[in-house]
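Notes for the one structure printed next.
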Amino acid sequence: LGLGNILYDVCTRLGVEGLPVGRLSMGIAQCVPVIVVSTVGRSRIFAVIERRWDKESNRAQRDGAFVAELLCHVPIKVGQKWWLHHGRDDDTYDPLDPRRNWDLTYVADVREDEFVVRFLRPRKSTMSRFSKSVSSVSRT
């Protein structure tokens, strides 16, 4: 809800939206965001909003829980593709390429409370902790 909308609502309730004072106040209200951005600067406003957003320490945990809940409702079938997070930040891939932090695998076996994935191609030998060819993923 913007300042202009609030002012319009107030002017309408007072019955002055058509009068010069109502039009002037609504015009000023619509100019305020432009004036603030011109004075303060877009980068500063963005930095303030970013700091406020990052102060929510549990945001990443909530986002992860939301994605996990979505995945609980996805039917898993043998042979389907599955992205497995490795988190290595592999800079041989473009920053927007999912392979930078994820491995493309396929579902090899589905059990009651877990499923098994296999890697599509051999793993890099430099990362020994990710060198297993089979990984089990719990569904709980």
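Each chain of the structure tokens is named A, B, ... in the order shown, its residues numbered from 1; ligands are numbered from 1 in display order.
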
Within 12 Å of range 107-112 of chain A, which residues of range 31-86 of chain A show up? Give each one with its shortest atom-to-atom distance in Å (one decimal) and the two atoms involved, counting only C-alpha atoms, rows by chain then rising residue number, as CSV.
```
residue,atom,partner,partner_atom,distance
A:Pro75,CA,A:Val110,CA,10.3
A:Ile76,CA,A:Val110,CA,7.3
A:Lys77,CA,A:Val107,CA,6.9
A:Val78,CA,A:Val107,CA,5.0
A:Gly79,CA,A:Val107,CA,5.1
A:Gln80,CA,A:Val107,CA,5.5
A:Lys81,CA,A:Val107,CA,6.4
A:Trp82,CA,A:Val107,CA,6.5
A:Trp83,CA,A:Val107,CA,9.8
A:Leu84,CA,A:Val107,CA,10.7
```

Between CA of Met26 in chain A and CA of Asp9 in chain A, what is the distance in Å, rounded to a tenth? 9.9 Å

Residue with smallest distance to Arg100 in chain A - pool A:Arg42, A:Arg51, A:His73, A:Arg88, counting only C-alpha atoms: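 So, comparing all the options, the nearest one is A:Arg88.
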
Per DSSP on the backbone, what are the alpha helix (DSSP H) residues of range 4-140 of chain A, as a VMD selection string? chain A and resid 4 to 14 20 to 40 42 to 54 59 to 72

CA of Arg99 in chain A to CA of Gln61 in chain A, straight-line distance in Å: 22.4 Å

Taking only range 16-133 of chain A into account, list the residues labelled strand (DSSP E) by DSSP (computed from the backbone), as a PyMOL selection string. chain A and resi 81-85+102-110+114-119
